[in-house]
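K.L.:
So here's structure_36.pdb, just PDB, C-alpha atoms and all ligand atoms:
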```pdb
ATOM      1  CA  MET P  11       3.688  14.717   4.796
ATOM      2  CA  LEU P  12       0.729  13.852   2.548
ATOM      3  CA  GLU P  13      -2.212  16.201   1.881
ATOM      4  CA  VAL P  14      -5.011  14.973  -0.373
ATOM      5  CA  ARG P  15      -7.869  17.382  -1.017
ATOM      6  CA  GLY P  16     -11.082  16.782  -2.964
ATOM      7  CA  LEU P  17      -9.712  13.901  -4.996
ATOM      8  CA  SER P  18     -12.120  12.474  -7.599
ATOM      9  CA  LYS P  19     -11.870   9.889 -10.363
ATOM     10  CA  ARG P  20     -14.601   8.622 -12.654
ATOM     11  CA  PHE P  21     -14.487   5.605 -14.988
ATOM     12  CA  GLY P  22     -17.282   6.158 -17.523
ATOM     13  CA  GLY P  23     -20.466   6.222 -15.447
ATOM     14  CA  LEU P  24     -18.760   5.006 -12.303
ATOM     15  CA  GLN P  25     -17.522   7.453  -9.667
ATOM     16  CA  ALA P  26     -14.665   5.341  -8.263
ATOM     17  CA  VAL P  27     -13.275   8.014  -5.925
ATOM     18  CA  CYS P  28     -15.453  10.933  -4.851
ATOM     19  CA  ASP P  29     -14.150  14.112  -3.209
ATOM     20  CA  LEU P  30     -11.656  12.254  -1.037
ATOM     21  CA  SER P  31      -9.543  14.184   1.434
ATOM     22  CA  LEU P  32      -6.943  12.769   3.773
ATOM     23  CA  SER P  33      -3.720  13.809   5.399
ATOM     24  CA  MET P  34      -0.816  11.959   6.904
ATOM     25  CA  ALA P  35       1.959  12.985   9.263
ATOM     26  CA  GLU P  36       5.583  11.865   8.917
ATOM     27  CA  GLY P  37       6.073   8.383  10.328
ATOM     28  CA  GLU P  38       2.360   7.647  10.712
ATOM     29  CA  VAL P  39       0.568   4.373   9.895
ATOM     30  CA  LEU P  40      -2.824   5.125   8.339
ATOM     31  CA  GLY P  41      -5.207   2.290   7.487
ATOM     32  CA  LEU P  42      -7.522   2.530   4.469
ATOM     33  CA  ILE P  43     -10.371   0.041   4.552
ATOM     34  CA  GLY P  44     -13.698  -0.517   2.838
ATOM     35  CA  PRO P  45     -15.589  -3.165   0.878
ATOM     36  CA  ASN P  46     -14.418  -4.461  -2.493
ATOM     37  CA  GLY P  47     -14.894  -1.817  -5.163
ATOM     38  CA  ALA P  48     -14.859   1.032  -2.602
ATOM     39  CA  GLY P  49     -12.108   2.832  -4.531
ATOM     40  CA  LYS P  50      -9.099   2.043  -2.344
ATOM     41  CA  THR P  51      -6.775   0.851  -5.118
ATOM     42  CA  THR P  52      -7.935   3.706  -7.352
ATOM     43  CA  ALA P  53      -6.980   6.135  -4.570
ATOM     44  CA  PHE P  54      -3.523   4.515  -4.479
ATOM     45  CA  ASN P  55      -3.230   4.745  -8.263
ATOM     46  CA  LEU P  56      -4.047   8.465  -8.084
ATOM     47  CA  ILE P  57      -1.663   9.235  -5.217
ATOM     48  CA  SER P  58       1.212   7.279  -6.781
ATOM     49  CA  GLY P  59       0.763   8.775 -10.274
ATOM     50  CA  PHE P  60      -0.522   5.672 -12.098
ATOM     51  CA  LEU P  61      -3.801   7.499 -12.751
ATOM     52  CA  VAL P  62      -4.478  11.203 -13.231
ATOM     53  CA  PRO P  63      -7.326  12.588 -11.080
ATOM     54  CA  ASP P  64     -10.346  14.313 -12.654
ATOM     55  CA  SER P  65     -10.063  16.869  -9.877
ATOM     56  CA  GLY P  66      -8.350  17.369  -6.566
ATOM     57  CA  GLU P  67      -4.970  18.153  -5.114
ATOM     58  CA  ILE P  68      -2.233  15.827  -3.885
ATOM     59  CA  LYS P  69       0.669  17.344  -1.997
ATOM     60  CA  PHE P  70       3.609  15.287  -0.832
ATOM     61  CA  ARG P  71       5.962  17.052   1.543
ATOM     62  CA  GLY P  72       4.533  20.391   0.453
ATOM     63  CA  ARG P  73       4.840  19.797  -3.272
ATOM     64  CA  SER P  74       2.011  19.068  -5.714
ATOM     65  CA  VAL P  75       2.526  15.680  -7.359
ATOM     66  CA  VAL P  76      -0.526  15.769  -9.649
ATOM     67  CA  GLY P  77       0.659  15.178 -13.206
ATOM     68  CA  LEU P  78       4.008  13.698 -12.178
ATOM     69  CA  ARG P  79       4.902  10.241 -13.509
ATOM     70  CA  PRO P  80       5.057   7.309 -11.047
ATOM     71  CA  HIS P  81       8.869   7.135 -11.230
ATOM     72  CA  GLN P  82       9.119  10.854 -10.441
ATOM     73  CA  ILE P  83       6.829  10.457  -7.422
ATOM     74  CA  CYS P  84       8.830   7.406  -6.358
ATOM     75  CA  HIS P  85      11.991   9.474  -6.589
ATOM     76  CA  LEU P  86      10.461  11.978  -4.143
ATOM     77  CA  GLY P  87      10.127   9.106  -1.663
ATOM     78  CA  LEU P  88       6.573   7.862  -2.225
ATOM     79  CA  THR P  89       6.411   4.221  -3.354
ATOM     80  CA  ARG P  90       3.512   1.788  -3.647
ATOM     81  CA  THR P  91       3.104  -1.967  -3.926
ATOM     82  CA  PHE P  92       0.584  -3.648  -6.225
ATOM     83  CA  GLN P  93      -2.409  -5.669  -5.054
ATOM     84  CA  LEU P  94      -1.741  -8.136  -7.884
ATOM     85  CA  VAL P  95       1.963  -8.735  -7.559
ATOM     86  CA  ARG P  96       3.722  -8.918 -10.909
ATOM     87  CA  PRO P  97       7.420  -9.599 -10.498
ATOM     88  CA  PHE P  98       9.497 -10.297 -13.613
ATOM     89  CA  PRO P  99       9.049 -14.104 -13.456
ATOM     90  CA  HIS P 100      12.190 -15.034 -15.391
ATOM     91  CA  LEU P 101      14.463 -12.754 -13.409
ATOM     92  CA  SER P 102      15.948 -13.881 -10.115
ATOM     93  CA  VAL P 103      14.685 -12.482  -6.842
ATOM     94  CA  LEU P 104      17.862 -10.400  -6.606
ATOM     95  CA  GLU P 105      17.449  -8.985 -10.127
ATOM     96  CA  ASN P 106      13.837  -8.054  -9.396
ATOM     97  CA  VAL P 107      14.834  -6.044  -6.358
ATOM     98  CA  LYS P 108      17.822  -4.485  -8.139
ATOM     99  CA  VAL P 109      15.314  -2.930 -10.557
ATOM    100  CA  GLY P 110      13.824  -1.104  -7.562
ATOM    101  CA  ALA P 111      17.225  -0.119  -6.194
ATOM    102  CA  LEU P 112      18.227   1.400  -9.550
ATOM    103  CA  ALA P 113      15.665   4.132  -8.826
ATOM    104  CA  ARG P 114      18.255   5.553  -6.400
ATOM    105  CA  THR P 115      21.603   4.747  -7.952
ATOM    106  CA  ALA P 116      23.103   4.314 -11.402
ATOM    107  CA  SER P 117      25.662   1.888 -10.017
ATOM    108  CA  VAL P 118      24.659  -1.750 -10.577
ATOM    109  CA  ARG P 119      27.051  -2.751  -7.791
ATOM    110  CA  GLU P 120      25.414  -0.410  -5.309
ATOM    111  CA  ALA P 121      21.973  -1.540  -6.454
ATOM    112  CA  ALA P 122      22.919  -5.173  -5.825
ATOM    113  CA  GLY P 123      24.148  -4.289  -2.327
ATOM    114  CA  LYS P 124      20.969  -2.387  -1.548
ATOM    115  CA  ALA P 125      18.874  -5.256  -2.940
ATOM    116  CA  ARG P 126      20.594  -7.795  -0.676
ATOM    117  CA  HIS P 127      20.103  -5.507   2.286
ATOM    118  CA  VAL P 128      16.316  -5.219   1.820
ATOM    119  CA  LEU P 129      16.009  -8.912   0.920
ATOM    120  CA  GLU P 130      17.576  -9.678   4.278
ATOM    121  CA  GLU P 131      15.116  -7.316   5.954
ATOM    122  CA  VAL P 132      12.102  -9.124   4.420
ATOM    123  CA  GLY P 133      13.593 -12.576   5.051
ATOM    124  CA  LEU P 134      14.232 -13.574   1.422
ATOM    125  CA  LEU P 135      18.012 -13.650   1.404
ATOM    126  CA  ALA P 136      18.019 -17.440   1.008
ATOM    127  CA  LYS P 137      16.080 -17.054  -2.274
ATOM    128  CA  VAL P 138      18.201 -14.469  -4.110
ATOM    129  CA  GLU P 139      19.052 -16.804  -6.995
ATOM    130  CA  VAL P 140      15.552 -18.272  -7.405
ATOM    131  CA  HIS P 141      13.401 -17.138 -10.335
ATOM    132  CA  ALA P 142      10.613 -14.912  -9.050
ATOM    133  CA  GLY P 143       8.087 -17.091 -10.884
ATOM    134  CA  GLU P 144       8.956 -20.020  -8.615
ATOM    135  CA  LEU P 145       8.138 -18.241  -5.348
ATOM    136  CA  THR P 146       5.106 -18.998  -3.188
ATOM    137  CA  LEU P 147       2.447 -16.300  -2.810
ATOM    138  CA  ALA P 148       3.793 -15.324   0.623
ATOM    139  CA  GLU P 149       7.296 -15.014  -0.842
ATOM    140  CA  ARG P 150       6.014 -12.978  -3.808
ATOM    141  CA  LYS P 151       4.351 -10.571  -1.363
ATOM    142  CA  ARG P 152       7.688 -10.196   0.447
ATOM    143  CA  LEU P 153       9.451  -9.683  -2.859
ATOM    144  CA  GLU P 154       6.965  -6.934  -3.726
ATOM    145  CA  LEU P 155       7.718  -5.327  -0.382
ATOM    146  CA  ALA P 156      11.478  -5.630  -0.997
ATOM    147  CA  ARG P 157      11.153  -4.047  -4.444
ATOM    148  CA  ALA P 158       9.337  -1.102  -2.880
ATOM    149  CA  LEU P 159      11.818  -0.795   0.015
ATOM    150  CA  ALA P 160      14.746  -0.791  -2.407
ATOM    151  CA  THR P 161      13.523   2.568  -3.733
ATOM    152  CA  GLU P 162      14.087   4.001  -0.209
ATOM    153  CA  PRO P 163      10.601   5.385   0.412
ATOM    154  CA  VAL P 164       9.686   7.735   3.228
ATOM    155  CA  LEU P 165       6.022   6.941   2.532
ATOM    156  CA  LEU P 166       5.061   3.404   1.554
ATOM    157  CA  LEU P 167       1.629   2.560   0.132
ATOM    158  CA  LEU P 168       0.813  -1.105   0.738
ATOM    159  CA  ASP P 169      -2.100  -2.580  -1.228
ATOM    160  CA  GLU P 170      -3.331  -5.789   0.431
ATOM    161  CA  VAL P 171       0.079  -7.287   1.138
ATOM    162  CA  MET P 172      -1.566  -9.881   3.404
ATOM    163  CA  ALA P 173      -4.287 -11.085   1.029
ATOM    164  CA  GLY P 174      -4.219 -14.863   0.639
ATOM    165  CA  LEU P 175      -1.641 -15.475   3.364
ATOM    166  CA  THR P 176      -2.008 -17.945   6.241
ATOM    167  CA  ALA P 177      -2.389 -16.658   9.802
ATOM    168  CA  THR P 178       1.293 -17.323  10.524
ATOM    169  CA  GLU P 179       2.478 -15.630   7.340
ATOM    170  CA  THR P 180       0.203 -12.682   8.136
ATOM    171  CA  GLU P 181       1.693 -12.338  11.621
ATOM    172  CA  ARG P 182       5.203 -12.312  10.161
ATOM    173  CA  ILE P 183       4.321  -9.608   7.659
ATOM    174  CA  VAL P 184       2.623  -7.522  10.368
ATOM    175  CA  GLU P 185       5.878  -7.676  12.362
ATOM    176  CA  LEU P 186       7.828  -6.758   9.249
ATOM    177  CA  ILE P 187       5.615  -3.725   8.573
ATOM    178  CA  ARG P 188       5.987  -2.665  12.197
ATOM    179  CA  ALA P 189       9.771  -2.871  11.886
ATOM    180  CA  ILE P 190       9.768  -0.849   8.652
ATOM    181  CA  ASN P 191       7.634   1.809  10.329
ATOM    182  CA  ARG P 192       9.912   1.863  13.399
ATOM    183  CA  ARG P 193      12.780   3.013  11.248
ATOM    184  CA  GLY P 194      10.734   6.047  10.250
ATOM    185  CA  VAL P 195       8.844   5.025   7.099
ATOM    186  CA  ALA P 196       5.227   6.261   7.073
ATOM    187  CA  ILE P 197       2.754   3.663   5.842
ATOM    188  CA  LEU P 198      -0.606   3.945   4.126
ATOM    189  CA  LEU P 199      -2.129   0.511   4.387
ATOM    190  CA  ILE P 200      -5.003  -0.972   2.377
ATOM    191  CA  GLU P 201      -5.919  -4.176   4.102
ATOM    192  CA  HIS P 202      -8.841  -6.547   4.486
ATOM    193  CA  VAL P 203      -7.313  -8.490   7.359
ATOM    194  CA  MET P 204      -8.998  -6.484  10.083
ATOM    195  CA  ARG P 205      -7.002  -7.760  13.012
ATOM    196  CA  ALA P 206      -3.817  -6.693  11.235
ATOM    197  CA  VAL P 207      -5.024  -3.263  10.136
ATOM    198  CA  MET P 208      -6.458  -2.550  13.589
ATOM    199  CA  SER P 209      -3.206  -3.461  15.339
ATOM    200  CA  LEU P 210      -0.891  -1.620  12.918
ATOM    201  CA  SER P 211      -2.797   1.618  12.284
ATOM    202  CA  GLY P 212      -2.818   4.670  14.507
ATOM    203  CA  ARG P 213      -5.815   5.925  12.540
ATOM    204  CA  ILE P 214      -8.172   4.391   9.985
ATOM    205  CA  ILE P 215     -10.151   5.876   7.102
ATOM    206  CA  VAL P 216     -13.148   3.969   5.741
ATOM    207  CA  LEU P 217     -14.184   4.248   2.096
ATOM    208  CA  ASN P 218     -17.522   3.173   0.677
ATOM    209  CA  TYR P 219     -18.579   3.796  -2.940
ATOM    210  CA  GLY P 220     -15.583   6.117  -3.359
ATOM    211  CA  GLU P 221     -16.478   8.293  -0.388
ATOM    212  CA  ARG P 222     -14.944   8.577   3.023
ATOM    213  CA  ILE P 223     -17.609   7.463   5.515
ATOM    214  CA  ALA P 224     -15.558   7.395   8.701
ATOM    215  CA  GLU P 225     -12.181   8.277  10.160
ATOM    216  CA  GLY P 226     -10.748   7.672  13.602
ATOM    217  CA  PRO P 227      -8.619   5.498  15.847
ATOM    218  CA  PRO P 228      -9.121   1.717  15.404
ATOM    219  CA  ALA P 229     -11.210   1.306  18.562
ATOM    220  CA  VAL P 230     -13.662   3.977  17.398
ATOM    221  CA  ILE P 231     -13.847   2.658  13.817
ATOM    222  CA  ALA P 232     -14.525  -0.883  15.060
ATOM    223  CA  ASN P 233     -17.663   0.369  16.818
ATOM    224  CA  ASP P 234     -18.893   2.866  14.198
ATOM    225  CA  ALA P 235     -22.414   1.911  13.125
ATOM    226  CA  ARG P 236     -21.937   3.184   9.541
ATOM    227  CA  VAL P 237     -18.734   1.199   9.173
ATOM    228  CA  ILE P 238     -20.282  -1.983  10.515
ATOM    229  CA  GLU P 239     -23.211  -1.574   8.134
ATOM    230  CA  ALA P 240     -21.005  -0.936   5.078
ATOM    231  CA  TYR P 241     -18.395  -3.453   5.912
ATOM    232  CA  LEU P 242     -19.850  -6.206   8.010
ATOM    233  CA  GLY P 243     -17.931  -9.388   7.392
ATOM    234  CA  GLU P 244     -16.760 -12.392   9.321
ATOM    235  CA  GLU P 245     -13.209 -11.114   9.513
ATOM    236  CA  TYR P 246     -14.419  -7.759  10.738
ATOM    237  CA  VAL P 247     -16.595  -9.284  13.428
ATOM    238  CA  GLY P 248     -13.702 -11.558  14.388
ATOM    239  CA  ALA P 249     -11.379  -8.572  14.746
ATOM    240  CA  THR P 250     -13.748  -6.580  16.952
ATOM    241  CA  GLN P 251     -14.231  -9.594  19.196
ATOM    242  CA  GLY P 252     -10.504 -10.314  19.344
TER     243      GLY P 252
HETATM  244  N1  LIG A 301      -9.192   1.152 -14.791
HETATM  245  C1  LIG A 301     -10.490   1.019 -14.484
HETATM  246  N2  LIG A 301     -11.446   1.160 -15.414
HETATM  247  C2  LIG A 301     -12.756   1.054 -15.105
HETATM  248  N3  LIG A 301     -13.219   0.836 -13.861
HETATM  249  C3  LIG A 301     -12.322   0.682 -12.888
HETATM  250  C4  LIG A 301     -10.915   0.772 -13.136
HETATM  251  N4  LIG A 301     -10.245   0.597 -11.961
HETATM  252  C5  LIG A 301     -11.201   0.405 -11.027
HETATM  253  N5  LIG A 301     -12.442   0.450 -11.583
HETATM  254  C6  LIG A 301     -13.705   0.340 -10.834
HETATM  255  O1  LIG A 301     -13.687   1.328  -9.824
HETATM  256  C7  LIG A 301     -14.258   0.829  -8.618
HETATM  257  C8  LIG A 301     -13.237   0.925  -7.523
HETATM  258  O2  LIG A 301     -12.236  -0.061  -7.758
HETATM  259  P1  LIG A 301     -10.970  -0.217  -6.822
HETATM  260  O3  LIG A 301     -10.351   1.113  -6.630
HETATM  261  O4  LIG A 301     -10.134  -1.294  -7.405
HETATM  262  O5  LIG A 301     -11.650  -0.701  -5.450
HETATM  263  P2  LIG A 301     -11.024  -1.420  -4.192
HETATM  264  O6  LIG A 301      -9.536  -1.408  -4.309
HETATM  265  O7  LIG A 301     -11.542  -0.627  -3.023
HETATM  266  O8  LIG A 301     -11.574  -2.816  -4.190
HETATM  267  C9  LIG A 301     -14.719  -0.583  -8.920
HETATM  268  O9  LIG A 301     -16.089  -0.561  -9.239
HETATM  269  C10 LIG A 301     -13.876  -0.975 -10.107
HETATM  270  O10 LIG A 301     -14.535  -1.949 -10.911
HETATM  271 MG    MG A 302      -8.118  -2.940  -4.356
END
```
Show how you would write the structure in this file as structure tokens.
P.N.:
Amino acid sequence: MLEVRGLSKRFGGLQAVCDLSLSMAEGEVLGLIGPNGAGKTTAFNLISGFLVPDSGEIKFRGRSVVGLRPHQICHLGLTRTFQLVRPFPHLSVLENVKVGALARTASVREAAGKARHVLEEVGLLAKVEVHAGELTLAERKRLELARALATEPVLLLLDEVMAGLTATETERIVELIRAINRRGVAILLIEHVMRAVMSLSGRIIVLNYGERIAEGPPAVIANDARVIEAYLGEEYVGATQG
């Protein structure tokens, strides 16, 4: 479904993403991990059309998407969330999600129906009238997910949707992601919460200084010496012990 070949992006003297290749099958959950500054978000920005690569090829369902605008890529079924969630604070939760739904329909009525449907899925139906600016962080993360789901993606790129959440909130969002995937949506997941990424992903790719340093099933990645060296952290150690 997704074929990335030789993707590179430089910011001035900094090679943020270096010759990155990856592929994804329909319906797969692929984890993308690596230390801060490894180039994960930049990779997302390139794949979703928010940045143009210096070189490399990105094919989504057989079609090159390099040079397409984010809304065009979204229309093909590839949608991403943002690490720093930025809902329209003065719009209601419902209005925020309707903006996403309008990617698929010109009918405001239909968009509202779709928005309610995905808000129910993410457990925010009780908050439809609340201003997005009044939500808690956990609720804003769910809103971000709902906005993305409203565009009806077949491939969803999630950028740290669990960052800053409590253990309970994290568990709920893991279950939510599992449910979204069960109805056929492929997921590319950037995540620092190792226990979550290990349990959700069928396969994991590890980035370090813009380069892919490892790829494999979670159990193999957890024991890869290069990964442990690049990415040793308390959470990581906790996940491999758990
Ligand atoms: N728009 C930008 N301009 C300049 N440097 C950037 C920009 N975006 C990211 N970077 C740099 O590129 C590197 C990779 O960043 P990023 O992709 O955000 O990493 P990650 O998401 O893995 O933490 C970092 O050193 C970051 O400071
Ligand atoms: Mg990032």
K.L.:
Evaluated on this file, the PyMOL selection byres (((chain P and resi 69) around 10) and not hetatm) picks out some residues - which ones are they, written as JSON, numbers by chain?
P.N.:
{"P": [11, 12, 13, 14, 15, 33, 57, 67, 68, 70, 71, 72, 73, 74, 75, 76]}
K.L.:
Please identify every polymer residue within 10 Å of ligand MG 302 (chain A), using only C-alpha atoms and all ligand atoms, and present the set as a count of residues only.
P.N.:
21
K.L.:
Taking into account all atoms listed in the file, which residue in the set P:Thr89, P:Val39, P:Leu101, P:Gln25 is nearest to P:Ile214?
P.N.:
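Smallest distance to P:Ile214 is found for P:Val39.
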K.L.:
I want to know what sits within 9 Å of P:Pro63, based on only C-alpha atoms, with residues of the same chain fewer than 6 positions away left out; could you give that as a ChimeraX atom specification?
P.N.:
/P:17-20,56-57,76-77
K.L.:
Evaluated on this file, the PyMOL selection byres (((chain P and resi 116-133) around 10) and not hetatm) picks out some residues - which ones are they, written as a PyMOL selection string?
P.N.:
chain P and resi 103-115+134-138+149+151-162+182-183+186-187+189-190
K.L.:
Hey, which of P:Met172, P:Leu147, P:Val216, P:Met208 ends up closest to ligand LIG 301 (chain A)? Count only C-alpha atoms and all ligand atoms.
P.N.:
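Once distances to ligand LIG 301 (chain A) are computed over only C-alpha atoms and all ligand atoms, the minimum belongs to P:Val216.
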K.L.:
From the list P:Pro97, P:Ser65, P:Tyr241, P:His81, which residue is nearest ligand LIG 301 (chain A) when using only C-alpha atoms and all ligand atoms?
P.N.:
P:Tyr241
K.L.:
Which residue out of P:Thr178, P:Asn191, P:Gln82, P:Asn218 has the minimum interatomic distance to ligand LIG 301 (chain A) when only C-alpha atoms and all ligand atoms are used?
P.N.:
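For ligand LIG 301 (chain A), the nearest of the given residues is P:Asn218.
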K.L.:
Considering only C-alpha atoms, state which residue in the set P:Leu167, P:Leu217, P:Ile238, P:Ala142 is at the smallest distance from P:Met34.
P.N.:
P:Leu167
K.L.:
May I have the residues within 8 Å of P:Pro227 as a PyMOL selection string, using all atoms listed in the file and disregarding those fewer than 5 positions away in the same chain?
P.N.:
chain P and resi 211-214
K.L.:
Tell me which of P:Val195, P:Leu165, P:Leu40, P:Val95 sits closest to P:Ala148, counting all atoms listed in the file.
P.N.:
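Looking at the shortest contact to P:Ala148, the residue is P:Val95.
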K.L.:
Would you compute, for all listed atoms of stretch 81-94 of chain P, the axis-aligned bounding box grown by 4 Å on each side, and then report its centre and edge lengths in Å rounded to one decimal, as lines of an AutoDock Vina configuration file?
P.N.:
```
center_x = 4.8
center_y = 1.9
center_z = -6.4
size_x = 22.4
size_y = 28.1
size_z = 17.6
```
K.L.:
Can you tell me how far atom N3 of ligand LIG 301 (chain A) sits from atom CA of P:Val27, in Å to one decimal?
P.N.:
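We find that atom N3 of ligand LIG 301 (chain A) and atom CA of P:Val27 lie 10.7 Å from each other.
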K.L.:
Can you measure atom CA of P:Val203 to atom O9 of ligand LIG 301 (chain A) for me? One decimal in Å is fine.
P.N.:
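A separation of 20.4 Å between them.
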K.L.:
Can you measure atom CA of P:Ala224 to atom CA of P:Ser209 for me? One decimal in Å is fine.
P.N.:
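Atom-to-atom, atom CA of P:Ala224 and atom CA of P:Ser209 are spaced 17.7 Å apart.
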K.L.:
For P:Leu88, please output as a PyMOL selection string all residues within 7 Å (counting all atoms listed in the file; exclusion window: fewer than 5 positions along the same chain).
P.N.:
chain P and resi 83+163-166
K.L.:
Exactly which residues make up the result of the PyMOL selection byres (((chain P and resi 100) around 8) and not hetatm) on this file, given as a ChimeraX atom specification?
P.N.:
/P:98-99,101-102,141-143
K.L.:
Near P:Glu38, within 6 Å and counting all atoms listed in the file, which residues show up once chain neighbours fewer than 2 positions away are dropped, as a ChimeraX atom specification?
P.N.:
/P:35-36,196
K.L.:
Kindly reconstruct stretch 13-28 of chain P with N, CA and C atoms and present the result as a PDB file, keeping the file's coordinate frame.
P.N.:
```
ATOM      1  N   GLU P  13      -0.961  15.432   1.817  1.00  0.00           N
ATOM      2  CA  GLU P  13      -2.212  16.201   1.881  1.00  0.00           C
ATOM      3  C   GLU P  13      -3.014  15.914   0.628  1.00  0.00           C
ATOM      4  N   VAL P  14      -4.132  15.244   0.765  1.00  0.00           N
ATOM      5  CA  VAL P  14      -5.011  14.973  -0.373  1.00  0.00           C
ATOM      6  C   VAL P  14      -6.296  15.762  -0.153  1.00  0.00           C
ATOM      7  N   ARG P  15      -6.679  16.541  -1.162  1.00  0.00           N
ATOM      8  CA  ARG P  15      -7.869  17.382  -1.017  1.00  0.00           C
ATOM      9  C   ARG P  15      -8.798  17.209  -2.207  1.00  0.00           C
ATOM     10  N   GLY P  16     -10.036  16.798  -1.936  1.00  0.00           N
ATOM     11  CA  GLY P  16     -11.082  16.782  -2.964  1.00  0.00           C
ATOM     12  C   GLY P  16     -10.773  15.911  -4.163  1.00  0.00           C
ATOM     13  N   LEU P  17     -10.144  14.774  -3.905  1.00  0.00           N
ATOM     14  CA  LEU P  17      -9.712  13.901  -4.996  1.00  0.00           C
ATOM     15  C   LEU P  17     -10.898  13.140  -5.592  1.00  0.00           C
ATOM     16  N   SER P  18     -11.039  13.198  -6.931  1.00  0.00           N
ATOM     17  CA  SER P  18     -12.120  12.474  -7.599  1.00  0.00           C
ATOM     18  C   SER P  18     -11.618  11.800  -8.853  1.00  0.00           C
ATOM     19  N   LYS P  19     -12.177  10.605  -9.122  1.00  0.00           N
ATOM     20  CA  LYS P  19     -11.870   9.889 -10.363  1.00  0.00           C
ATOM     21  C   LYS P  19     -13.097   9.106 -10.810  1.00  0.00           C
ATOM     22  N   ARG P  20     -13.443   9.288 -12.081  1.00  0.00           N
ATOM     23  CA  ARG P  20     -14.601   8.622 -12.654  1.00  0.00           C
ATOM     24  C   ARG P  20     -14.132   7.708 -13.779  1.00  0.00           C
ATOM     25  N   PHE P  21     -14.704   6.496 -13.836  1.00  0.00           N
ATOM     26  CA  PHE P  21     -14.487   5.605 -14.988  1.00  0.00           C
ATOM     27  C   PHE P  21     -15.817   5.500 -15.702  1.00  0.00           C
ATOM     28  N   GLY P  22     -15.987   6.163 -16.838  1.00  0.00           N
ATOM     29  CA  GLY P  22     -17.282   6.158 -17.523  1.00  0.00           C
ATOM     30  C   GLY P  22     -18.361   6.645 -16.575  1.00  0.00           C
ATOM     31  N   GLY P  23     -19.372   5.816 -16.335  1.00  0.00           N
ATOM     32  CA  GLY P  23     -20.466   6.222 -15.447  1.00  0.00           C
ATOM     33  C   GLY P  23     -20.205   5.940 -13.975  1.00  0.00           C
ATOM     34  N   LEU P  24     -19.018   5.432 -13.679  1.00  0.00           N
ATOM     35  CA  LEU P  24     -18.760   5.006 -12.303  1.00  0.00           C
ATOM     36  C   LEU P  24     -17.842   5.981 -11.564  1.00  0.00           C
ATOM     37  N   GLN P  25     -18.346   6.546 -10.476  1.00  0.00           N
ATOM     38  CA  GLN P  25     -17.522   7.453  -9.667  1.00  0.00           C
ATOM     39  C   GLN P  25     -16.709   6.604  -8.680  1.00  0.00           C
ATOM     40  N   ALA P  26     -15.467   6.282  -9.064  1.00  0.00           N
ATOM     41  CA  ALA P  26     -14.665   5.341  -8.263  1.00  0.00           C
ATOM     42  C   ALA P  26     -14.136   5.986  -6.989  1.00  0.00           C
ATOM     43  N   VAL P  27     -13.732   7.252  -7.092  1.00  0.00           N
ATOM     44  CA  VAL P  27     -13.275   8.014  -5.925  1.00  0.00           C
ATOM     45  C   VAL P  27     -13.981   9.359  -5.978  1.00  0.00           C
ATOM     46  N   CYS P  28     -14.589   9.751  -4.856  1.00  0.00           N
ATOM     47  CA  CYS P  28     -15.453  10.933  -4.851  1.00  0.00           C
ATOM     48  C   CYS P  28     -15.052  11.895  -3.745  1.00  0.00           C
TER      49      CYS P  28
END
```
